[in-house]
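Trainee: Provided herewith: start25.cif, mmCIF, C-alpha atoms.
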```cif
data_data
loop_
_atom_site.label_atom_id
_atom_site.label_comp_id
_atom_site.auth_asym_id
_atom_site.auth_seq_id
_atom_site.Cartn_x
_atom_site.Cartn_y
_atom_site.Cartn_z
CA MET J 224 82.59 73.58 81.06
CA LYS J 225 81.91 75.59 84.22
CA ILE J 226 84.75 77.90 85.22
CA LEU J 227 85.23 80.05 88.32
CA ILE J 228 87.46 83.08 87.74
CA SER J 229 89.06 85.24 90.41
CA ASN J 230 92.11 87.50 90.72
CA ASP J 231 94.05 89.83 93.00
CA ASP J 232 93.84 92.98 90.86
CA GLY J 233 90.17 93.58 91.59
CA ILE J 234 86.85 93.17 89.85
CA VAL J 235 87.43 96.06 87.39
CA ALA J 236 90.91 94.98 86.22
CA ASN J 237 91.42 94.55 82.49
CA GLY J 238 93.09 91.16 82.94
CA ILE J 239 90.04 89.54 84.49
CA ARG J 240 87.80 91.25 81.96
CA ALA J 241 89.77 89.89 78.97
CA LEU J 242 89.84 86.39 80.48
CA THR J 243 86.11 86.44 81.21
CA GLU J 244 85.23 87.66 77.73
CA ALA J 245 87.36 84.98 76.05
CA LEU J 246 86.28 82.02 78.19
CA SER J 247 82.58 82.87 78.32
CA LYS J 248 82.19 82.36 74.57
CA GLU J 249 82.11 78.56 75.04
CA ASN J 250 81.89 78.07 78.81
CA ASP J 251 79.71 78.98 81.78
CA VAL J 252 81.84 81.51 83.64
CA TYR J 253 81.35 82.73 87.21
CA VAL J 254 83.43 85.60 88.58
CA ILE J 255 84.17 86.31 92.25
CA ALA J 256 86.83 88.96 92.78
CA PRO J 257 88.05 91.51 95.35
CA ASP J 258 86.52 94.99 95.39
CA ARG J 259 90.00 96.55 95.05
CA GLU J 260 93.55 95.61 94.21
CA ARG J 261 94.97 93.04 96.62
CA SER J 262 98.29 92.29 94.92
CA ALA J 263 100.96 90.50 96.99
CA ALA J 264 98.30 89.53 99.54
CA GLY J 265 99.70 86.02 99.57
CA HIS J 266 97.48 83.23 100.88
CA SER J 267 95.77 85.28 103.56
CA LEU J 268 92.17 84.89 104.69
CA THR J 269 89.78 87.25 106.48
CA LEU J 270 89.20 86.02 110.04
CA HIS J 271 88.52 89.00 112.32
CA THR J 272 86.20 91.21 110.27
CA PRO J 273 82.96 90.44 108.40
CA LEU J 274 83.43 89.29 104.83
CA ARG J 275 80.90 91.11 102.67
CA VAL J 276 79.79 89.82 99.29
CA GLU J 277 77.66 91.66 96.73
CA GLU J 278 76.28 90.19 93.53
CA LEU J 279 76.63 92.49 90.53
CA ASP J 280 74.82 92.54 87.23
CA PRO J 281 76.44 90.01 84.87
CA LYS J 282 79.14 91.56 82.71
CA PHE J 283 81.70 90.61 80.06
CA GLY J 284 79.80 87.41 79.26
CA ALA J 285 79.87 85.86 82.73
CA LYS J 286 76.72 84.15 83.94
CA ARG J 287 77.08 85.68 87.42
CA ASN J 288 79.47 88.15 89.08
CA TRP J 289 80.23 88.84 92.73
CA VAL J 290 82.55 91.29 94.46
CA THR J 291 83.92 90.79 97.97
CA THR J 292 85.72 92.85 100.58
CA GLY J 293 88.10 89.94 101.12
CA THR J 294 91.43 88.68 99.89
CA PRO J 295 91.98 86.65 96.72
CA GLY J 296 91.97 83.47 98.81
CA ASP J 297 88.70 84.54 100.42
CA CYS J 298 87.09 84.93 96.99
CA VAL J 299 87.76 81.36 95.93
CA LYS J 300 87.14 79.83 99.35
CA ILE J 301 83.77 81.49 99.93
CA GLY J 302 82.82 81.02 96.30
CA LEU J 303 83.32 77.27 96.36
CA SER J 304 82.09 76.79 99.92
CA ALA J 305 79.12 79.14 100.22
CA ILE J 306 78.17 81.17 97.15
CA LEU J 307 77.99 78.90 94.13
CA GLY J 308 75.03 76.57 94.04
CA PRO J 309 75.34 72.79 93.49
CA ASP J 310 74.68 73.21 89.77
CA GLU J 311 77.24 76.04 89.52
CA LYS J 312 80.26 74.27 91.01
CA PRO J 313 83.12 74.64 88.54
CA ASP J 314 85.08 72.09 86.58
CA LEU J 315 88.04 74.44 86.72
CA VAL J 316 89.26 77.43 88.76
CA ILE J 317 91.32 80.09 86.95
CA SER J 318 93.01 83.09 88.53
CA GLY J 319 94.06 86.17 86.57
CA ILE J 320 95.07 87.36 84.17
CA ASN J 321 97.41 89.11 86.58
CA HIS J 322 98.88 92.51 85.81
CA GLY J 323 102.55 91.51 86.04
CA PRO J 324 104.46 88.21 86.18
CA ASN J 325 104.40 85.59 88.93
CA LEU J 326 107.70 83.79 88.57
CA GLY J 327 110.13 81.88 90.74
CA ALA J 328 110.01 82.42 94.48
CA ASP J 329 107.72 85.44 94.01
CA ILE J 330 104.76 83.05 93.84
CA LEU J 331 104.98 82.83 97.64
CA TYR J 332 103.72 86.42 97.84
CA SER J 333 101.26 86.20 94.98
CA GLY J 334 97.54 86.65 95.48
CA THR J 335 97.02 85.35 91.95
CA VAL J 336 98.75 82.04 92.66
CA SER J 337 97.00 81.83 96.04
CA CYS J 338 93.61 82.00 94.31
CA ALA J 339 94.47 78.92 92.29
CA LEU J 340 96.04 77.12 95.24
CA GLU J 341 92.88 77.68 97.29
CA GLY J 342 90.92 75.99 94.52
CA ALA J 343 93.33 73.04 94.55
CA MET J 344 93.15 72.81 98.36
CA LEU J 345 89.39 72.44 98.01
CA GLY J 346 89.79 69.69 95.42
CA TYR J 347 89.36 71.57 92.13
CA PRO J 348 91.71 71.67 89.14
CA ALA J 349 93.18 75.17 89.04
CA ILE J 350 95.35 77.49 86.96
CA ALA J 351 97.05 80.80 87.74
CA THR J 352 97.66 83.14 84.80
CA SER J 353 99.85 86.24 84.60
CA LEU J 354 101.06 88.69 81.96
CA ALA J 355 104.69 89.78 82.28
CA GLY J 356 104.26 93.38 81.26
CA LEU J 357 103.90 96.86 82.69
CA THR J 358 101.11 97.97 80.32
CA CYS J 359 97.62 97.10 81.53
CA GLU J 360 95.33 98.17 78.70
CA LEU J 361 92.64 95.67 77.70
CA GLU J 362 94.30 95.03 74.35
CA ASN J 363 97.49 93.83 76.05
CA PHE J 364 95.64 90.85 77.55
CA LYS J 365 93.87 89.69 74.39
CA PHE J 366 96.46 87.15 73.22
CA ALA J 367 96.81 85.58 76.68
CA ALA J 368 93.03 85.39 77.05
CA GLU J 369 92.60 83.78 73.62
CA PHE J 370 95.35 81.29 74.44
CA MET J 371 93.53 80.33 77.64
CA ALA J 372 90.28 79.80 75.73
CA LYS J 373 92.11 77.18 73.64
CA PHE J 374 94.09 75.83 76.59
CA VAL J 375 91.06 74.91 78.68
CA LYS J 376 89.96 72.57 75.92
CA LYS J 377 93.26 70.70 76.23
CA ILE J 378 93.36 70.62 80.04
CA LYS J 379 90.80 67.80 79.95
CA ASP J 380 93.53 65.59 78.45
CA VAL J 381 95.85 66.21 81.41
CA ASN J 382 95.58 64.14 84.57
CA LEU J 383 96.40 67.02 86.90
CA PRO J 384 97.24 65.42 90.27
CA PRO J 385 95.58 66.54 93.50
CA LYS J 386 97.29 69.45 95.30
CA CYS J 387 98.76 70.66 91.99
CA ILE J 388 98.07 73.79 89.95
CA LEU J 389 99.50 75.15 86.71
CA ASN J 390 101.19 78.53 86.91
CA ILE J 391 101.15 80.13 83.45
CA ASN J 392 103.08 83.29 82.58
CA PHE J 393 102.78 85.08 79.26
CA PRO J 394 105.31 87.43 77.67
CA SER J 395 103.79 90.82 76.95
CA LEU J 396 103.88 90.35 73.18
CA SER J 397 101.55 89.91 70.28
CA GLY J 398 100.89 86.32 69.24
CA GLU J 399 103.24 86.37 66.23
CA ASP J 400 106.16 87.38 68.46
CA VAL J 401 105.71 84.59 71.02
CA ASN J 402 108.31 81.82 70.61
CA GLY J 403 106.10 78.94 71.72
CA VAL J 404 105.41 77.20 75.01
CA ALA J 405 107.89 75.90 77.60
CA ILE J 406 107.11 73.46 80.41
CA THR J 407 109.29 74.81 83.19
CA ARG J 408 110.30 74.57 86.82
CA LEU J 409 110.27 77.51 89.20
CA GLY J 410 113.30 79.74 89.14
CA THR J 411 114.75 81.12 92.33
CA ARG J 412 114.67 84.88 92.19
CA MET J 413 114.42 87.49 89.45
CA PHE J 414 116.04 90.25 91.48
CA THR J 415 118.54 90.62 94.29
CA SER J 416 117.14 91.79 97.62
CA ASP J 417 118.89 95.15 97.78
CA TYR J 418 117.56 98.10 99.75
CA ASP J 419 118.40 101.76 99.29
CA LYS J 420 118.74 103.55 102.61
CA ARG J 421 117.47 107.13 102.34
CA LEU J 422 116.45 110.12 104.41
CA ASP J 423 113.07 111.80 104.10
CA PRO J 424 112.72 115.64 104.20
CA ARG J 425 112.45 115.47 107.99
CA GLY J 426 115.69 113.55 108.36
CA LYS J 427 114.05 110.21 109.16
CA THR J 428 115.52 107.02 107.70
CA TYR J 429 113.50 104.89 105.31
CA TYR J 430 114.28 102.01 102.96
CA TRP J 431 113.29 101.40 99.34
CA LEU J 432 113.47 97.92 97.83
CA ALA J 433 115.67 98.28 94.73
CA GLY J 434 117.02 94.90 93.62
CA GLN J 435 119.04 94.23 90.48
CA LEU J 436 118.07 91.71 87.78
CA ILE J 437 119.84 88.37 88.26
CA GLN J 438 121.57 86.77 85.27
CA TYR J 439 120.83 83.12 84.42
CA ASP J 440 121.96 80.48 82.02
CA GLU J 441 119.57 80.71 79.07
CA ASN J 442 119.01 76.93 79.10
CA ASP J 443 118.31 76.42 82.79
CA GLY J 444 114.69 75.33 82.20
CA THR J 445 113.09 77.85 84.56
CA ASP J 446 109.99 79.95 84.20
CA ILE J 447 112.09 83.11 84.48
CA ASN J 448 114.23 82.27 81.47
CA ALA J 449 111.27 81.05 79.43
CA LEU J 450 109.82 84.55 79.66
CA ARG J 451 113.19 86.05 78.74
CA MET J 452 113.14 83.83 75.63
CA ASN J 453 109.66 85.20 74.80
CA LYS J 454 107.97 81.87 75.54
CA ILE J 455 104.80 81.07 77.47
CA SER J 456 105.87 79.38 80.68
CA ILE J 457 103.75 76.58 82.18
CA THR J 458 104.93 75.39 85.60
CA PRO J 459 103.20 72.70 87.69
CA ILE J 460 103.42 73.61 91.37
CA THR J 461 101.98 72.17 94.56
CA PHE J 462 101.17 73.26 98.09
CA GLU J 463 102.51 69.93 99.40
CA MET J 464 105.58 71.28 101.21
CA THR J 465 106.78 68.17 103.05
CA GLN J 466 110.50 67.61 102.39
CA GLU J 467 110.33 63.83 102.51
CA ASN J 468 113.96 63.10 101.64
CA ILE J 469 115.20 64.43 104.99
CA MET J 470 112.67 62.49 107.09
CA PRO J 471 114.86 59.35 107.50
CA GLU J 472 117.75 61.49 108.73
CA LEU J 473 115.48 63.24 111.23
CA GLU J 474 114.12 59.89 112.38
CA ASN J 475 117.66 58.64 112.93
CA ALA J 476 118.70 61.78 114.81
CA PHE J 477 115.68 62.20 117.05
CA CYS J 478 113.74 58.92 117.11
CA LYS J 479 116.37 56.20 116.63
CA ASP J 480 115.13 52.67 117.29
CA GLY J 481 111.58 54.00 117.59
CA SER J 482 112.37 55.94 120.75
CA CYS J 483 111.34 59.59 120.72
CA ASP J 484 111.17 60.15 124.46
CA TRP J 485 114.71 61.57 124.84
CA PHE J 486 113.31 64.97 125.86
#
```
Could I get this file's structure written as C-alpha cells?

Mentor:
Amino acid sequence: MKILISNDDGIVANGIRALTEALSKENDVYVIAPDRERSAAGHSLTLHTPLRVEELDPKFGAKRNWVTTGTPGDCVKIGLSAILGPDEKPDLVISGINHGPNLGADILYSGTVSCALEGAMLGYPAIATSLAGLTCELENFKFAAEFMAKFVKKIKDVNLPPKCILNINFPSLSGEDVNGVAITRLGTRMFTSDYDKRLDPRGKTYYWLAGQLIQYDENDGTDINALRMNKISITPITFEMTQENIMPELENAFCKDGSCDWF
C-alpha cells in the first residue's frame, strides 16, 4: 500500500516519526509536513505568499520526504496535486500522530484533522490520528503507531464513503492498559470556555483561556468519554455540512409554491 503521511506538529515531531517508522515496514510511505509546528491552524491554506517545498533525504523508512513552509492543509493539497508522481499517488492519507487529543468540537480547530479532510476532499481515503497525552517522547507514540500498522490492513475491508474520514484518538497508555476500541460519535466540548481576566505588570488588561473539564455520562457514546474509559476512539466524520432536515422548512418559509421572488 502507498501511504501519504502529514501532520501539524512539524517534520521533526516524534509522532510523525513513530508513525512513519511503523507503517514503512510493510508499505511505501511518503511524508510531506510543515517546517514547524502549526497546531490549531484549522483548515487554512496559503494564498498570498509563495509556498516553498524542499525535498529532504529519506528518513525513518519513508521512500521520500518533503518539508513545506505551508499549513497542514497545504501539505496534503500540494502533495496530492503537484508533488507526488502518478506512480506515487497514495491509497491512503494519514495525519499524525498528533501531540495531544483531537476530540469533540475541537476538531474544528485541528490542523491534524484538516490534513485528513483535505485528503478526503481530493477523493482519497483518510485518517487523522492523535495521542491524548502531554508527554511527547518517541516511546509514548509506539503503541499508537503499531496499532495503526495493523489498522491499515483492516481498512481495506471498510467501504469508507466519499467525504468521510476516520478520526482516531489514543489514550496515552501502554498497550496492556488500553481497554479496547470504541466506535464513537463526536462529543461537544471537553472544557468550558472560561477566561481569566488579568493585568500585566504595566496595568494593561489581558485574558487567559482557562476552562474547566466538563462532566459527562460515562455511557454517552462519545469520543471524549471513550478516552476517559481508556479506550481507543474511532469516529467517522465528514466535511459535508449541509443540514438537510431543515431544508423543507426553509423552502416553505421563503420559497412557498415555488416562488422565491418575494424580495

Trainee: Measuring between all atoms listed in the file, which one of J:Ile306, J:Asn230, J:Glu369, J:Leu315 shows the shortest distance to J:Leu246?

Mentor: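 Counting all atoms listed in the file, the residue closest to J:Leu246 is J:Glu369.
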
Trainee: Could you state which residues are captured by the PyMOL selection byres ((chain J and resi 284) around 10) in this file, as a list in words?

Mentor: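 After applying the PyMOL selection byres ((chain J and resi 284) around 10), what remains is Arg240, Thr243, Glu244, Ala245, Leu246, Ser247, Lys248, Asn250, Asp251, Val252, Tyr253, Pro281, Lys282, Phe283, Ala285, Lys286, Arg287 and Asn288 of chain J.
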
Trainee: For this file, the PyMOL selection byres ((chain J and resi 389) around 10) selects which residues, as a list in words?

Mentor: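 Taken on the displayed file, the PyMOL selection byres ((chain J and resi 389) around 10) yields the residues Ile317, Val336, Ala339, Leu340, Pro348, Ala349, Ile350, Ala351, Thr352, Leu383, Cys387, Ile388, Asn390, Ile391, Asn392, Ser456, Ile457, Thr458, Pro459, Ile460 and Thr461 of chain J.
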
Trainee: Give me the residues within 8 Å of J:Ile447 as a compact mmCIF listing (two decimals) with C-alpha atoms, in the frame of the given file, counting all atoms listed in the file and dropping any in the same chain fewer than 4 places off.

Mentor:
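File written: selection15.txt
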```txt
# COMPACT_ATOMS: atom_id res chain seq x y z
CA LEU J 326 107.70 83.79 88.57
CA GLY J 327 110.13 81.88 90.74
CA LEU J 409 110.27 77.51 89.20
CA GLY J 410 113.30 79.74 89.14
CA MET J 413 114.42 87.49 89.45
CA ARG J 451 113.19 86.05 78.74
```

Trainee: When the PyMOL selection byres ((chain J and resi 270) around 12) is applied to the file above, which residues end up in the set, as a VMD selection string?

Mentor: chain J and resid 267 to 269 271 to 274 293 to 294 296 to 297

Trainee: Kindly give the distance, in Å, that separates atom CA of J:Glu278 and atom CA of J:Ile255, rounded to a single decimal.

Mentor: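 Interatomic distance here is 8.9 Å.
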
Trainee: If you measure from atom CA of J:Ser318 to atom CA of J:Asn448, what distance in Å do you get, rounded to one decimal?

Mentor: 22.4 Å

Trainee: Go ahead and compute the interatomic distance for atom CA of J:Arg259 and atom CA of J:Ser337, in Å to one decimal.

Mentor: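 Atom-to-atom, atom CA of J:Arg259 and atom CA of J:Ser337 are spaced 16.3 Å apart.
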
Trainee: Looking at all atoms listed in the file, which of J:Gly444, J:Gly426, J:Gly238, J:Gly356 is the one that sits closest to J:Thr335?

Mentor: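 Among the listed residues, J:Gly238 lies closest to J:Thr335.
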